[in-house]
Every structure is written in structure tokens, then in C-alpha cells.
file my_file.cif (mmCIF, C-alpha atoms)
data_structure
loop_
_atom_site.label_atom_id
_atom_site.label_comp_id
_atom_site.auth_asym_id
_atom_site.auth_seq_id
_atom_site.Cartn_x
_atom_site.Cartn_y
_atom_site.Cartn_z
CA MET U 628 -5.30 -22.44 -7.85
CA LEU U 629 -5.09 -19.06 -6.12
CA LEU U 630 -8.56 -19.28 -4.58
CA ARG U 631 -7.71 -22.71 -3.17
CA ASN U 632 -4.87 -21.25 -1.13
CA ARG U 633 -6.19 -20.79 2.41
CA LYS U 634 -3.81 -17.97 3.32
CA PHE U 635 -4.73 -15.94 0.26
CA THR U 636 -8.46 -16.58 0.76
CA LEU U 637 -8.35 -15.58 4.43
CA GLY U 638 -6.36 -12.42 3.75
CA ALA U 639 -8.54 -11.39 0.82
CA SER U 640 -11.68 -12.00 2.91
CA ILE U 641 -10.46 -9.68 5.67
CA ILE U 642 -9.64 -6.97 3.13
CA LEU U 643 -13.09 -7.37 1.56
CA VAL U 644 -14.76 -7.01 4.96
CA LEU U 645 -12.77 -3.82 5.67
CA VAL U 646 -13.71 -2.38 2.28
CA LEU U 647 -17.39 -3.18 2.86
CA VAL U 648 -17.27 -1.58 6.30
CA GLY U 649 -15.74 1.55 4.80
CA LEU U 650 -18.20 1.73 1.92
CA LEU U 651 -21.30 1.04 4.01
CA GLY U 652 -20.22 3.50 6.68
CA THR U 653 -19.59 6.20 4.08
CA VAL U 654 -22.86 5.63 2.20
CA LEU U 655 -25.14 5.26 5.23
CA THR U 656 -23.73 8.18 7.25
CA GLN U 657 -25.61 11.46 6.93
CA PRO U 658 -23.40 14.45 6.09
CA GLU U 659 -24.39 16.43 9.20
CA LEU U 660 -23.16 13.61 11.45
CA ARG U 661 -19.60 14.20 10.21
CA ARG U 662 -19.44 17.68 11.72
CA THR U 663 -17.70 18.56 14.95
CA GLY U 664 -20.09 18.45 17.91
CA SER U 665 -22.57 16.07 16.26
CA PHE U 666 -22.34 13.80 19.34
CA PRO U 667 -21.60 14.32 23.04
CA ALA U 668 -17.83 14.54 23.56
CA GLN U 669 -15.81 11.62 24.97
CA LEU U 670 -18.74 9.21 24.85
CA PRO U 671 -17.71 5.57 25.38
CA PRO U 672 -18.88 2.86 22.95
CA GLY U 673 -22.57 2.17 23.32
CA PRO U 674 -26.01 2.64 21.75
CA GLY U 675 -25.47 6.38 21.27
CA ALA U 676 -22.21 5.90 19.38
CA LEU U 677 -21.15 2.45 18.22
CA LEU U 678 -17.41 3.01 18.78
CA GLY U 679 -17.67 6.06 21.03
CA THR U 680 -16.77 9.67 20.29
CA ASP U 681 -13.67 11.85 20.52
CA SER U 682 -13.04 15.07 22.44
CA LEU U 683 -14.61 17.14 19.64
CA GLY U 684 -17.87 15.22 19.57
CA ARG U 685 -17.15 13.24 16.40
CA GLY U 686 -18.18 9.61 16.02
CA ILE U 687 -15.22 7.21 15.94
CA SER U 688 -17.10 4.74 13.73
CA ILE U 689 -17.81 7.50 11.19
CA GLN U 690 -14.14 8.52 11.15
CA LEU U 691 -13.07 4.90 10.88
CA SER U 692 -15.21 4.22 7.80
CA GLU U 693 -13.60 7.17 6.02
CA ALA U 694 -10.11 6.34 7.28
CA ILE U 695 -10.23 2.75 6.00
CA LEU U 696 -11.01 3.85 2.45
CA LYS U 697 -8.44 6.68 2.49
CA SER U 698 -5.66 4.41 3.79
CA LEU U 699 -6.51 1.80 1.17
CA GLN U 700 -6.43 4.55 -1.45
CA VAL U 701 -2.91 5.52 -0.35
CA GLY U 702 -1.76 1.90 -0.61
CA LEU U 703 -3.42 1.38 -4.00
CA ILE U 704 -1.96 4.49 -5.63
CA ALA U 705 1.53 4.08 -4.18
CA ALA U 706 1.74 0.35 -4.92
CA THR U 707 0.46 0.81 -8.47
CA LEU U 708 2.96 3.60 -9.17
CA GLY U 709 5.91 1.86 -7.52
CA THR U 710 5.29 -1.58 -9.03
CA SER U 711 4.48 -0.29 -12.54
CA LEU U 712 7.45 2.07 -12.72
CA GLY U 713 9.79 -0.49 -11.15
CA ALA U 714 8.66 -3.21 -13.56
CA LEU U 715 9.09 -0.94 -16.59
CA VAL U 716 12.59 0.17 -15.56
CA GLY U 717 13.61 -3.40 -14.70
CA PHE U 718 12.35 -4.87 -17.99
CA VAL U 719 13.98 -2.18 -20.11
CA SER U 720 17.26 -2.31 -18.20
CA GLY U 721 17.52 -6.10 -18.19
CA TYR U 722 16.45 -6.72 -21.78
CA PHE U 723 18.23 -3.96 -23.71
CA GLY U 724 21.44 -4.05 -21.63
CA ARG U 725 24.60 -2.13 -22.58
CA ILE U 726 24.45 1.64 -22.07
CA VAL U 727 20.74 1.59 -21.22
CA ASP U 728 21.33 -0.99 -18.50
CA ALA U 729 24.37 0.87 -17.16
CA LEU U 730 22.50 4.18 -16.82
CA LEU U 731 19.35 2.67 -15.32
CA ARG U 732 21.39 0.50 -12.94
CA ILE U 733 23.12 3.62 -11.61
CA LEU U 734 19.75 5.30 -11.13
CA ILE U 735 18.39 2.24 -9.30
CA ASP U 736 21.44 2.06 -7.03
CA VAL U 737 21.12 5.77 -6.18
CA PHE U 738 17.50 5.38 -5.09
CA LEU U 739 18.32 2.23 -3.14
CA SER U 740 21.23 3.88 -1.34
CA VAL U 741 19.38 6.97 -0.11
CA PRO U 742 17.28 6.68 3.10
CA SER U 743 13.79 6.83 1.62
CA LEU U 744 12.08 7.53 4.95
CA LEU U 745 14.23 10.62 5.47
CA PHE U 746 13.32 11.95 2.02
CA LEU U 747 9.65 11.13 2.57
CA ILE U 748 9.69 13.18 5.78
CA LEU U 749 11.56 16.04 4.06
CA ILE U 750 9.26 16.21 1.04
CA ALA U 751 6.09 15.84 3.09
CA SER U 752 7.23 18.66 5.38
CA LEU U 753 7.92 20.95 2.40
CA VAL U 754 4.60 20.29 0.64
CA LYS U 755 1.94 22.40 2.32
CA GLY U 756 -1.65 21.19 2.60
CA VAL U 757 -0.71 17.67 1.58
CA GLY U 758 -3.65 15.43 0.62
CA VAL U 759 -4.14 11.68 0.41
CA GLN U 760 -3.27 11.52 -3.30
CA THR U 761 -0.16 13.65 -2.79
CA VAL U 762 1.05 11.46 0.08
CA ALA U 763 0.46 8.36 -2.04
CA LEU U 764 2.41 9.80 -4.99
CA ILE U 765 5.32 10.79 -2.73
CA ILE U 766 5.47 7.29 -1.25
CA GLY U 767 5.12 5.63 -4.66
CA ALA U 768 7.95 7.75 -6.09
CA PHE U 769 10.37 6.00 -3.71
CA ALA U 770 8.87 2.50 -4.03
CA TRP U 771 10.05 1.56 -7.54
CA ALA U 772 13.80 0.93 -7.09
CA SER U 773 13.62 -2.40 -5.26
CA PRO U 774 11.21 -4.09 -7.72
CA ALA U 775 13.23 -2.63 -10.61
CA ARG U 776 16.40 -4.37 -9.43
CA GLN U 777 14.61 -7.69 -8.88
CA VAL U 778 12.82 -7.54 -12.26
CA ARG U 779 16.10 -6.73 -13.97
CA ALA U 780 17.75 -9.80 -12.42
CA GLN U 781 14.92 -12.04 -13.62
CA VAL U 782 14.95 -10.57 -17.13
CA LEU U 783 18.69 -11.16 -17.47
CA SER U 784 17.93 -14.86 -17.06
CA LEU U 785 14.69 -15.00 -19.06
CA LYS U 786 16.00 -13.22 -22.14
CA GLU U 787 18.41 -16.10 -22.83
CA ARG U 788 15.57 -18.65 -22.93
CA VAL U 789 14.56 -20.34 -26.17
CA PHE U 790 11.12 -18.71 -26.40
CA VAL U 791 12.71 -15.23 -26.36
CA GLN U 792 15.18 -16.18 -29.08
CA ILE U 793 12.33 -17.52 -31.21
CA ALA U 794 10.45 -14.24 -30.66
CA ARG U 795 13.49 -12.30 -31.90
CA LEU U 796 13.75 -14.48 -35.00
CA SER U 797 10.08 -13.95 -35.72
CA GLY U 798 10.72 -10.21 -36.02
CA MET U 799 9.18 -9.00 -32.77
CA SER U 800 10.54 -5.72 -31.45
CA GLY U 801 12.15 -5.33 -28.03
CA LEU U 802 9.05 -3.78 -26.46
CA GLU U 803 6.82 -6.47 -27.96
CA ILE U 804 9.02 -9.17 -26.45
CA ILE U 805 8.92 -7.42 -23.08
CA PHE U 806 5.14 -7.06 -22.94
CA ARG U 807 4.11 -10.26 -24.77
CA GLU U 808 6.79 -12.75 -23.76
CA LEU U 809 8.63 -11.66 -20.62
CA MET U 810 5.94 -9.90 -18.60
CA PRO U 811 3.42 -12.80 -18.58
CA ASN U 812 6.10 -14.99 -16.99
CA MET U 813 6.43 -12.57 -14.08
CA LEU U 814 2.81 -11.63 -13.41
CA GLN U 815 2.57 -13.70 -10.23
CA TRP U 816 5.78 -12.17 -8.89
CA LEU U 817 4.57 -8.68 -9.76
CA GLY U 818 1.31 -9.43 -7.94
CA ALA U 819 3.18 -10.47 -4.81
CA ASN U 820 5.37 -7.35 -5.01
CA PHE U 821 2.27 -5.18 -5.44
CA VAL U 822 0.80 -6.54 -2.21
CA ASN U 823 4.09 -6.01 -0.40
CA ALA U 824 4.32 -2.44 -1.72
CA PHE U 825 0.69 -1.87 -0.69
CA LEU U 826 1.49 -2.90 2.88
CA ALA U 827 4.65 -0.77 2.96
CA ALA U 828 2.75 2.28 1.64
CA VAL U 829 0.04 2.05 4.30
CA LEU U 830 2.73 1.71 6.96
CA ALA U 831 4.68 4.67 5.53
CA GLU U 832 1.57 6.86 5.51
CA ALA U 833 0.83 5.92 9.12
CA GLY U 834 4.39 6.83 10.08
CA LEU U 835 4.22 10.20 8.33
CA SER U 836 0.84 10.92 9.93
CA LEU U 837 2.15 10.13 13.41
CA LEU U 838 4.86 12.75 12.78
CA GLY U 839 2.18 15.29 11.84
CA LEU U 840 3.08 15.18 8.14
CA GLY U 841 0.02 13.31 6.89
CA PRO U 842 -3.13 14.61 5.15
CA GLN U 843 -4.48 16.63 8.08
CA ARG U 844 -7.62 17.72 6.22
CA GLU U 845 -8.57 14.12 5.51
CA MET U 846 -8.93 11.12 7.78
CA THR U 847 -6.71 8.08 7.44
CA LEU U 848 -5.93 5.39 9.99
CA GLY U 849 -2.61 7.09 10.70
CA MET U 850 -4.29 10.48 11.14
CA MET U 851 -6.85 8.98 13.53
CA ILE U 852 -4.00 7.82 15.77
CA TYR U 853 -2.29 11.20 15.39
CA TRP U 854 -5.36 13.16 16.50
CA ALA U 855 -5.97 10.75 19.38
CA LEU U 856 -2.43 11.26 20.64
CA SER U 857 -2.58 15.02 20.06
CA TYR U 858 -5.68 15.36 22.23
CA GLY U 859 -4.28 13.15 24.99
CA ALA U 860 -6.56 10.17 24.48
CA ILE U 861 -4.16 7.85 26.31
CA LEU U 862 -3.76 10.17 29.31
CA GLN U 863 -7.53 10.65 29.53
CA ASN U 864 -8.14 6.89 29.22
CA LEU U 865 -10.18 7.33 26.05
CA TRP U 866 -9.06 3.89 24.90
CA TRP U 867 -11.74 3.52 22.22
CA TRP U 868 -10.38 6.56 20.36
CA TRP U 869 -6.89 5.18 19.68
CA LEU U 870 -7.62 1.45 19.89
CA SER U 871 -10.05 1.38 16.94
CA PRO U 872 -7.55 2.58 14.29
CA VAL U 873 -4.71 0.55 15.83
CA LEU U 874 -6.71 -2.69 15.67
CA THR U 875 -7.87 -1.89 12.14
CA LEU U 876 -4.27 -1.32 11.04
CA MET U 877 -3.28 -4.63 12.62
CA PHE U 878 -6.03 -6.49 10.78
CA LEU U 879 -5.11 -4.74 7.53
CA PHE U 880 -1.42 -5.63 7.90
CA LEU U 881 -2.33 -9.23 8.78
CA SER U 882 -4.62 -9.57 5.77
CA LEU U 883 -2.06 -8.12 3.34
CA TYR U 884 0.64 -10.37 4.78
CA MET U 885 -1.59 -13.43 4.34
CA VAL U 886 -2.33 -12.44 0.73
CA HIS U 887 1.41 -11.97 0.13
CA LEU U 888 2.17 -15.42 1.56
CA GLY U 889 -0.56 -16.95 -0.57
CA LEU U 890 0.77 -15.40 -3.76
CA ASP U 891 4.29 -16.56 -2.87
CA GLU U 892 3.14 -20.13 -2.34
CA VAL U 893 1.21 -20.21 -5.61
CA SER U 894 4.12 -18.80 -7.61
CA ASN U 895 6.73 -20.98 -5.84
CA PRO U 896 5.84 -24.70 -5.80
CA ARG U 897 8.58 -25.45 -3.28
CA LEU U 898 7.02 -23.10 -0.73
CA ARG U 899 3.61 -24.61 -1.40
CA SER U 900 4.86 -28.13 -0.73
CA GLN U 901 6.51 -27.03 2.52
CA GLY U 902 3.35 -25.27 3.67
#

call {"tool": "encode", "arguments": {"input": "my_file.cif", "output": "C-alpha cells"}}
result
Amino acid sequence: MLLRNRKFTLGASIILVLVLVGLLGTVLTQPELRRTGSFPAQLPPGPGALLGTDSLGRGISIQLSEAILKSLQVGLIAATLGTSLGALVGFVSGYFGRIVDALLRILIDVFLSVPSLLFLILIASLVKGVGVQTVALIIGAFAWASPARQVRAQVLSLKERVFVQIARLSGMSGLEIIFRELMPNMLQWLGANFVNAFLAAVLAEAGLSLLGLGPQREMTLGMMIYWALSYGAILQNLWWWWLSPVLTLMFLFLSLYMVHLGLDEVSNPRLRSQG
């Protein structure tokens, strides 16, 4: 059913192409070509450099292949952490209720009420020598509250269903009911939330990088734009330097959005019939 959805298939195909470009570029590039001065500086796209070079004599295509994989790594780690933690908190809060629900609901509301972008900027500025994994963990630490609230709302409804009552009568524990009965009914929703969190994490990393708070010792799509702006690529009309990561980000956002729409349509028959 999922592979028959055209939006999901198109989005997944674009992501697969980006991953292949990143992997092939990383594997086929010789280590010495990654060094500063490996190419003539400010070379436009052509036979000598496929996507041109920057002001330090580095190949844009080589940077782009690394940046794609690093940005995807940020999204994968942050989305996995945020979705998993949010789902766990939401299931526990919604199913057990009472004092557990009250305490977790307060915690969820606190995280939802604080401006997450402000805290991301503050933490990233305090952590020195931040790397890709650290940025991803910081973003993921603020990405769990929204899915937790939505999972909790769904669990409050599902736990009153007949199949849950039968599971209780059969002697299953609360955690067994959560993982064996409730979670399978929400896998499609969790998948859609994962994609949405993935997109938000890549965007958050790009925003932090543009502010100079990204992983400056590693190359991501956001850091490529940051370095291009820092060296005056726009003023010097080095369009290939900043345009390559911008277009790649646009294609990545478009692909993730298409995958998200596809998952929504598969999990919601009403949306599928309207589409």
C-alpha cells in the first residue's frame, strides 16, 4: 500500500538519490582532494571541478557529498531520539494515568511552553567544539514534547477499547499492553511524526549553522551556506558556492514533505480518498 502511494515513492526516490550521491562522492574522492588548496580558488563549474571551487581551493562537489550525509545524520539521530522518547512518555502517561500522568503532563507542558529555538541557540553557544552528533542530540532533546502530547491523547482513547480490556483480563502487564497492543496501532502515525521530526531537525541544524553555532569542524549543508556567506560568496558573485547547498536543502525538504504526505494518506483513508 505504501509503495503504491505516488507522493511517498517520489519523496523516497529523491532521498535515495541524495544518499547515493553522498556515498559515491565520499567513497570515490581521494583524501588529498579534501585539503585546502587542492584546486584553483574560485573556479566556476566545469571540467576541472564539477560544481566549482570556493575561495580556499576546495571542491564544492566534494564538500556537498560530505554535507549531505552529515545533514542526514543530524536528522536521523534527532528524529530517532525525539520520536522514541516522545512515544515512550506519551504511552506511559496516557496508559497509567493518575499521578504518573499528572507529573508527565506537567513536564510536557513545560517543554512545550519554552521557546525551543532560544534554548537550542543558548546550549549550542555554551558547548565548545560542537560536532554533528552533539548538535543532533541537542535538537533531539527538545523534539520529544509534541509527539508525547499527541501520543498521550491517542492512548487515552485506545486504552478504553475492547482489545485492551481483553489484554488486561488475560494477565498482561501495563508495559506488555503498551508495546504489544497499543504501539502497533500507532506505528504509521509514529512513522509520519519521525519524518516530520527529521525535516525539522535538518532545518534546525541549518539555522544554528547560519548563526555560526553549527559543527564548524565538519561539513553540513547549513555549514556550507555559512562558510559561503562568511567569505562573501554573494558579493563576489560566486553563485555556485552558495547555490549548491541551498538547492540540495530545497530538494531534501521537498522529498521529506512528500514522504510525510504519503504516510499521512496511507494512515488516513479520508485523506487518501480526497487526494

call {"tool": "resolve_selection", "arguments": {"input": "my_file.cif", "expression": "the PyMOL selection byres ((chain U and resi 778-793) around 10)", "output": "JSON list (two decimals) with C-alpha atoms, in the coordinates of the input"}}
result
[["chain", "number", "residue", "atom", "x", "y", "z"],
["U", 713, "GLY", "CA", 9.79, -0.49, -11.15],
["U", 714, "ALA", "CA", 8.66, -3.21, -13.56],
["U", 715, "LEU", "CA", 9.09, -0.94, -16.59],
["U", 716, "VAL", "CA", 12.59, 0.17, -15.56],
["U", 717, "GLY", "CA", 13.61, -3.40, -14.70],
["U", 718, "PHE", "CA", 12.35, -4.87, -17.99],
["U", 719, "VAL", "CA", 13.98, -2.18, -20.11],
["U", 720, "SER", "CA", 17.26, -2.31, -18.20],
["U", 721, "GLY", "CA", 17.52, -6.10, -18.19],
["U", 722, "TYR", "CA", 16.45, -6.72, -21.78],
["U", 723, "PHE", "CA", 18.23, -3.96, -23.71],
["U", 724, "GLY", "CA", 21.44, -4.05, -21.63],
["U", 728, "ASP", "CA", 21.33, -0.99, -18.50],
["U", 732, "ARG", "CA", 21.39, 0.50, -12.94],
["U", 772, "ALA", "CA", 13.80, 0.93, -7.09],
["U", 773, "SER", "CA", 13.62, -2.40, -5.26],
["U", 774, "PRO", "CA", 11.21, -4.09, -7.72],
["U", 775, "ALA", "CA", 13.23, -2.63, -10.61],
["U", 776, "ARG", "CA", 16.40, -4.37, -9.43],
["U", 777, "GLN", "CA", 14.61, -7.69, -8.88],
["U", 794, "ALA", "CA", 10.45, -14.24, -30.66],
["U", 795, "ARG", "CA", 13.49, -12.30, -31.90],
["U", 796, "LEU", "CA", 13.75, -14.48, -35.00],
["U", 797, "SER", "CA", 10.08, -13.95, -35.72],
["U", 798, "GLY", "CA", 10.72, -10.21, -36.02],
["U", 799, "MET", "CA", 9.18, -9.00, -32.77],
["U", 804, "ILE", "CA", 9.02, -9.17, -26.45],
["U", 805, "ILE", "CA", 8.92, -7.42, -23.08],
["U", 808, "GLU", "CA", 6.79, -12.75, -23.76],
["U", 809, "LEU", "CA", 8.63, -11.66, -20.62],
["U", 810, "MET", "CA", 5.94, -9.90, -18.60],
["U", 812, "ASN", "CA", 6.10, -14.99, -16.99],
["U", 813, "MET", "CA", 6.43, -12.57, -14.08],
["U", 816, "TRP", "CA", 5.78, -12.17, -8.89],
["U", 817, "LEU", "CA", 4.57, -8.68, -9.76]]

call {"tool": "atom_distance", "arguments": {"input": "my_file.cif", "atom1": "atom CA of U:Ala860", "atom2": "atom CA of U:Pro674"}}
result
21.0 Å

call {"tool": "resolve_selection", "arguments": {"input": "my_file.cif", "expression": "the PyMOL selection byres ((chain U and resi 649) around 9)", "output": "ChimeraX atom specification"}}
result
/U:644-648,650-654,689,691-696

call {"tool": "closest_residue", "arguments": {"input": "my_file.cif", "among": "U:Leu677, U:Leu830, U:Ala819, U:Ala770", "to": "U:Met885", "atoms": "all atoms listed in the file"}}
result
U:Ala819

call {"tool": "closest_residue", "arguments": {"input": "my_file.cif", "among": "U:Leu683, U:Ala705, U:Ile765, U:Leu655", "to": "U:Ala751", "atoms": "only C-alpha atoms"}}
result
U:Ile765

call {"tool": "closest_atom_pairs", "arguments": {"input": "my_file.cif", "of": "stretch 802-861 of chain U", "to": "stretch 734-746 of chain U", "cutoff": "10 Å", "atoms": "only C-alpha atoms", "output": "tab-separated table"}}
result
residue	atom	partner	partner_atom	distance
U:Ala831	CA	U:Leu744	CA	8.0
U:Gly834	CA	U:Leu744	CA	9.3
U:Leu835	CA	U:Leu744	CA	9.0

call {"tool": "atom_distance", "arguments": {"input": "my_file.cif", "atom1": "atom CA of U:Gly679", "atom2": "atom CA of U:Glu845"}}
result
19.7 Å

call {"tool": "resolve_selection", "arguments": {"input": "my_file.cif", "expression": "the PyMOL selection byres ((chain U and resi 890) around 10)", "output": "list of chain:residue names"}}
result
U:Leu629, U:Asn632, U:Lys634, U:Phe635, U:Gln815, U:Trp816, U:Leu817, U:Gly818, U:Ala819, U:Asn820, U:Val822, U:Tyr884, U:Met885, U:Val886, U:His887, U:Leu888, U:Gly889, U:Asp891, U:Glu892, U:Val893, U:Ser894, U:Asn895, U:Arg899

call {"tool": "residues_near_point", "arguments": {"input": "my_file.cif", "point": "(6.2, 8.2, -8.0)", "cutoff": "10 Å", "atoms": "all atoms listed in the file", "output": "list in words"}}
result
Ile704, Ala705, Ala706, Thr707, Leu708, Gly709, Thr710, Ser711, Leu712, Gly713, Thr761, Ala763, Leu764, Ile765, Ile766, Gly767, Ala768, Phe769, Ala770 and Trp771 of chain U

call {"tool": "atom_distance", "arguments": {"input": "my_file.cif", "atom1": "atom CA of U:Leu660", "atom2": "atom CA of U:Gly684"}}
result
9.8 Å

call {"tool": "residues_around", "arguments": {"input": "my_file.cif", "residues": "U:Ile852", "least_positions_apart": "2", "cutoff": "8 Å", "atoms": "all atoms listed in the file", "output": "PyMOL selection string"}}
result
chain U and resi 837+848-850+854-856+868-869+872-873

call {"tool": "decode", "arguments": {"input": "my_file.cif", "residues": "stretch 630-662 of chain U", "atoms": "N, CA and C atoms", "output": "PDB file, in the first residue's frame"}}
result
ATOM      1  N   LEU U 630       4.055   1.643  -0.966  1.00  0.00           N
ATOM      2  CA  LEU U 630       4.827   1.814  -2.188  1.00  0.00           C
ATOM      3  C   LEU U 630       3.955   2.214  -3.372  1.00  0.00           C
ATOM      4  N   ARG U 631       2.649   2.034  -3.262  1.00  0.00           N
ATOM      5  CA  ARG U 631       1.743   2.450  -4.328  1.00  0.00           C
ATOM      6  C   ARG U 631       1.390   3.925  -4.241  1.00  0.00           C
ATOM      7  N   ASN U 632       1.718   4.558  -3.134  1.00  0.00           N
ATOM      8  CA  ASN U 632       1.449   5.977  -2.987  1.00  0.00           C
ATOM      9  C   ASN U 632       2.504   6.772  -3.760  1.00  0.00           C
ATOM     10  N   ARG U 633       2.059   7.573  -4.715  1.00  0.00           N
ATOM     11  CA  ARG U 633       2.992   8.275  -5.596  1.00  0.00           C
ATOM     12  C   ARG U 633       3.807   9.332  -4.859  1.00  0.00           C
ATOM     13  N   LYS U 634       3.198   9.999  -3.901  1.00  0.00           N
ATOM     14  CA  LYS U 634       3.928  11.029  -3.152  1.00  0.00           C
ATOM     15  C   LYS U 634       5.043  10.411  -2.329  1.00  0.00           C
ATOM     16  N   PHE U 635       4.725   9.312  -1.649  1.00  0.00           N
ATOM     17  CA  PHE U 635       5.749   8.641  -0.849  1.00  0.00           C
ATOM     18  C   PHE U 635       6.865   8.113  -1.748  1.00  0.00           C
ATOM     19  N   THR U 636       6.510   7.502  -2.856  1.00  0.00           N
ATOM     20  CA  THR U 636       7.507   6.925  -3.759  1.00  0.00           C
ATOM     21  C   THR U 636       8.425   7.997  -4.328  1.00  0.00           C
ATOM     22  N   LEU U 637       7.839   9.132  -4.737  1.00  0.00           N
ATOM     23  CA  LEU U 637       8.646  10.220  -5.285  1.00  0.00           C
ATOM     24  C   LEU U 637       9.586  10.785  -4.231  1.00  0.00           C
ATOM     25  N   GLY U 638       9.068  11.046  -3.033  1.00  0.00           N
ATOM     26  CA  GLY U 638       9.907  11.584  -1.972  1.00  0.00           C
ATOM     27  C   GLY U 638      11.020  10.633  -1.574  1.00  0.00           C
ATOM     28  N   ALA U 639      10.682   9.353  -1.429  1.00  0.00           N
ATOM     29  CA  ALA U 639      11.693   8.364  -1.061  1.00  0.00           C
ATOM     30  C   ALA U 639      12.753   8.222  -2.151  1.00  0.00           C
ATOM     31  N   SER U 640      12.356   8.344  -3.404  1.00  0.00           N
ATOM     32  CA  SER U 640      13.311   8.242  -4.516  1.00  0.00           C
ATOM     33  C   SER U 640      14.312   9.390  -4.481  1.00  0.00           C
ATOM     34  N   ILE U 641      13.832  10.604  -4.203  1.00  0.00           N
ATOM     35  CA  ILE U 641      14.737  11.752  -4.121  1.00  0.00           C
ATOM     36  C   ILE U 641      15.727  11.574  -2.977  1.00  0.00           C
ATOM     37  N   ILE U 642      15.235  11.109  -1.826  1.00  0.00           N
ATOM     38  CA  ILE U 642      16.124  10.877  -0.685  1.00  0.00           C
ATOM     39  C   ILE U 642      17.172   9.826  -1.030  1.00  0.00           C
ATOM     40  N   LEU U 643      16.744   8.760  -1.702  1.00  0.00           N
ATOM     41  CA  LEU U 643      17.677   7.697  -2.097  1.00  0.00           C
ATOM     42  C   LEU U 643      18.749   8.235  -3.032  1.00  0.00           C
ATOM     43  N   VAL U 644      18.366   9.079  -3.973  1.00  0.00           N
ATOM     44  CA  VAL U 644      19.344   9.673  -4.891  1.00  0.00           C
ATOM     45  C   VAL U 644      20.350  10.531  -4.128  1.00  0.00           C
ATOM     46  N   LEU U 645      19.870  11.336  -3.176  1.00  0.00           N
ATOM     47  CA  LEU U 645      20.775  12.168  -2.379  1.00  0.00           C
ATOM     48  C   LEU U 645      21.742  11.313  -1.566  1.00  0.00           C
ATOM     49  N   VAL U 646      21.233  10.232  -0.983  1.00  0.00           N
ATOM     50  CA  VAL U 646      22.102   9.338  -0.211  1.00  0.00           C
ATOM     51  C   VAL U 646      23.163   8.712  -1.110  1.00  0.00           C
ATOM     52  N   LEU U 647      22.765   8.264  -2.291  1.00  0.00           N
ATOM     53  CA  LEU U 647      23.724   7.660  -3.229  1.00  0.00           C
ATOM     54  C   LEU U 647      24.780   8.663  -3.669  1.00  0.00           C
ATOM     55  N   VAL U 648      24.346   9.909  -3.916  1.00  0.00           N
ATOM     56  CA  VAL U 648      25.311  10.949  -4.285  1.00  0.00           C
ATOM     57  C   VAL U 648      26.317  11.161  -3.159  1.00  0.00           C
ATOM     58  N   GLY U 649      25.828  11.215  -1.932  1.00  0.00           N
ATOM     59  CA  GLY U 649      26.720  11.398  -0.796  1.00  0.00           C
ATOM     60  C   GLY U 649      27.678  10.232  -0.616  1.00  0.00           C
ATOM     61  N   LEU U 650      27.165   9.022  -0.723  1.00  0.00           N
ATOM     62  CA  LEU U 650      28.005   7.836  -0.535  1.00  0.00           C
ATOM     63  C   LEU U 650      29.040   7.696  -1.639  1.00  0.00           C
ATOM     64  N   LEU U 651      28.605   7.858  -2.888  1.00  0.00           N
ATOM     65  CA  LEU U 651      29.537   7.718  -4.011  1.00  0.00           C
ATOM     66  C   LEU U 651      30.603   8.811  -3.971  1.00  0.00           C
ATOM     67  N   GLY U 652      30.173  10.035  -3.652  1.00  0.00           N
ATOM     68  CA  GLY U 652      31.148  11.119  -3.573  1.00  0.00           C
ATOM     69  C   GLY U 652      32.169  10.894  -2.476  1.00  0.00           C
ATOM     70  N   THR U 653      31.720  10.356  -1.351  1.00  0.00           N
ATOM     71  CA  THR U 653      32.634  10.091  -0.234  1.00  0.00           C
ATOM     72  C   THR U 653      33.596   8.957  -0.550  1.00  0.00           C
ATOM     73  N   VAL U 654      33.089   7.889  -1.162  1.00  0.00           N
ATOM     74  CA  VAL U 654      33.915   6.715  -1.444  1.00  0.00           C
ATOM     75  C   VAL U 654      34.916   6.986  -2.569  1.00  0.00           C
ATOM     76  N   LEU U 655      34.481   7.689  -3.604  1.00  0.00           N
ATOM     77  CA  LEU U 655      35.312   7.869  -4.797  1.00  0.00           C
ATOM     78  C   LEU U 655      36.300   9.024  -4.674  1.00  0.00           C
ATOM     79  N   THR U 656      36.149   9.884  -3.674  1.00  0.00           N
ATOM     80  CA  THR U 656      37.028  11.040  -3.530  1.00  0.00           C
ATOM     81  C   THR U 656      38.311  10.651  -2.797  1.00  0.00           C
ATOM     82  N   GLN U 657      39.441  10.982  -3.376  1.00  0.00           N
ATOM     83  CA  GLN U 657      40.720  10.705  -2.731  1.00  0.00           C
ATOM     84  C   GLN U 657      40.941  11.661  -1.556  1.00  0.00           C
ATOM     85  N   PRO U 658      41.540  11.182  -0.485  1.00  0.00           N
ATOM     86  CA  PRO U 658      41.693  12.015   0.720  1.00  0.00           C
ATOM     87  C   PRO U 658      42.421  13.330   0.461  1.00  0.00           C
ATOM     88  N   GLU U 659      43.432  13.330  -0.402  1.00  0.00           N
ATOM     89  CA  GLU U 659      44.199  14.556  -0.624  1.00  0.00           C
ATOM     90  C   GLU U 659      43.385  15.642  -1.324  1.00  0.00           C
ATOM     91  N   LEU U 660      42.306  15.242  -2.010  1.00  0.00           N
ATOM     92  CA  LEU U 660      41.475  16.234  -2.696  1.00  0.00           C
ATOM     93  C   LEU U 660      40.576  16.999  -1.727  1.00  0.00           C
ATOM     94  N   ARG U 661      40.510  16.562  -0.471  1.00  0.00           N
ATOM     95  CA  ARG U 661      39.689  17.253   0.520  1.00  0.00           C
ATOM     96  C   ARG U 661      40.455  18.398   1.194  1.00  0.00           C
ATOM     97  N   ARG U 662      41.725  18.511   0.943  1.00  0.00           N
ATOM     98  CA  ARG U 662      42.532  19.513   1.614  1.00  0.00           C
ATOM     99  C   ARG U 662      42.337  20.881   0.983  1.00  0.00           C
TER     100      ARG U 662
END
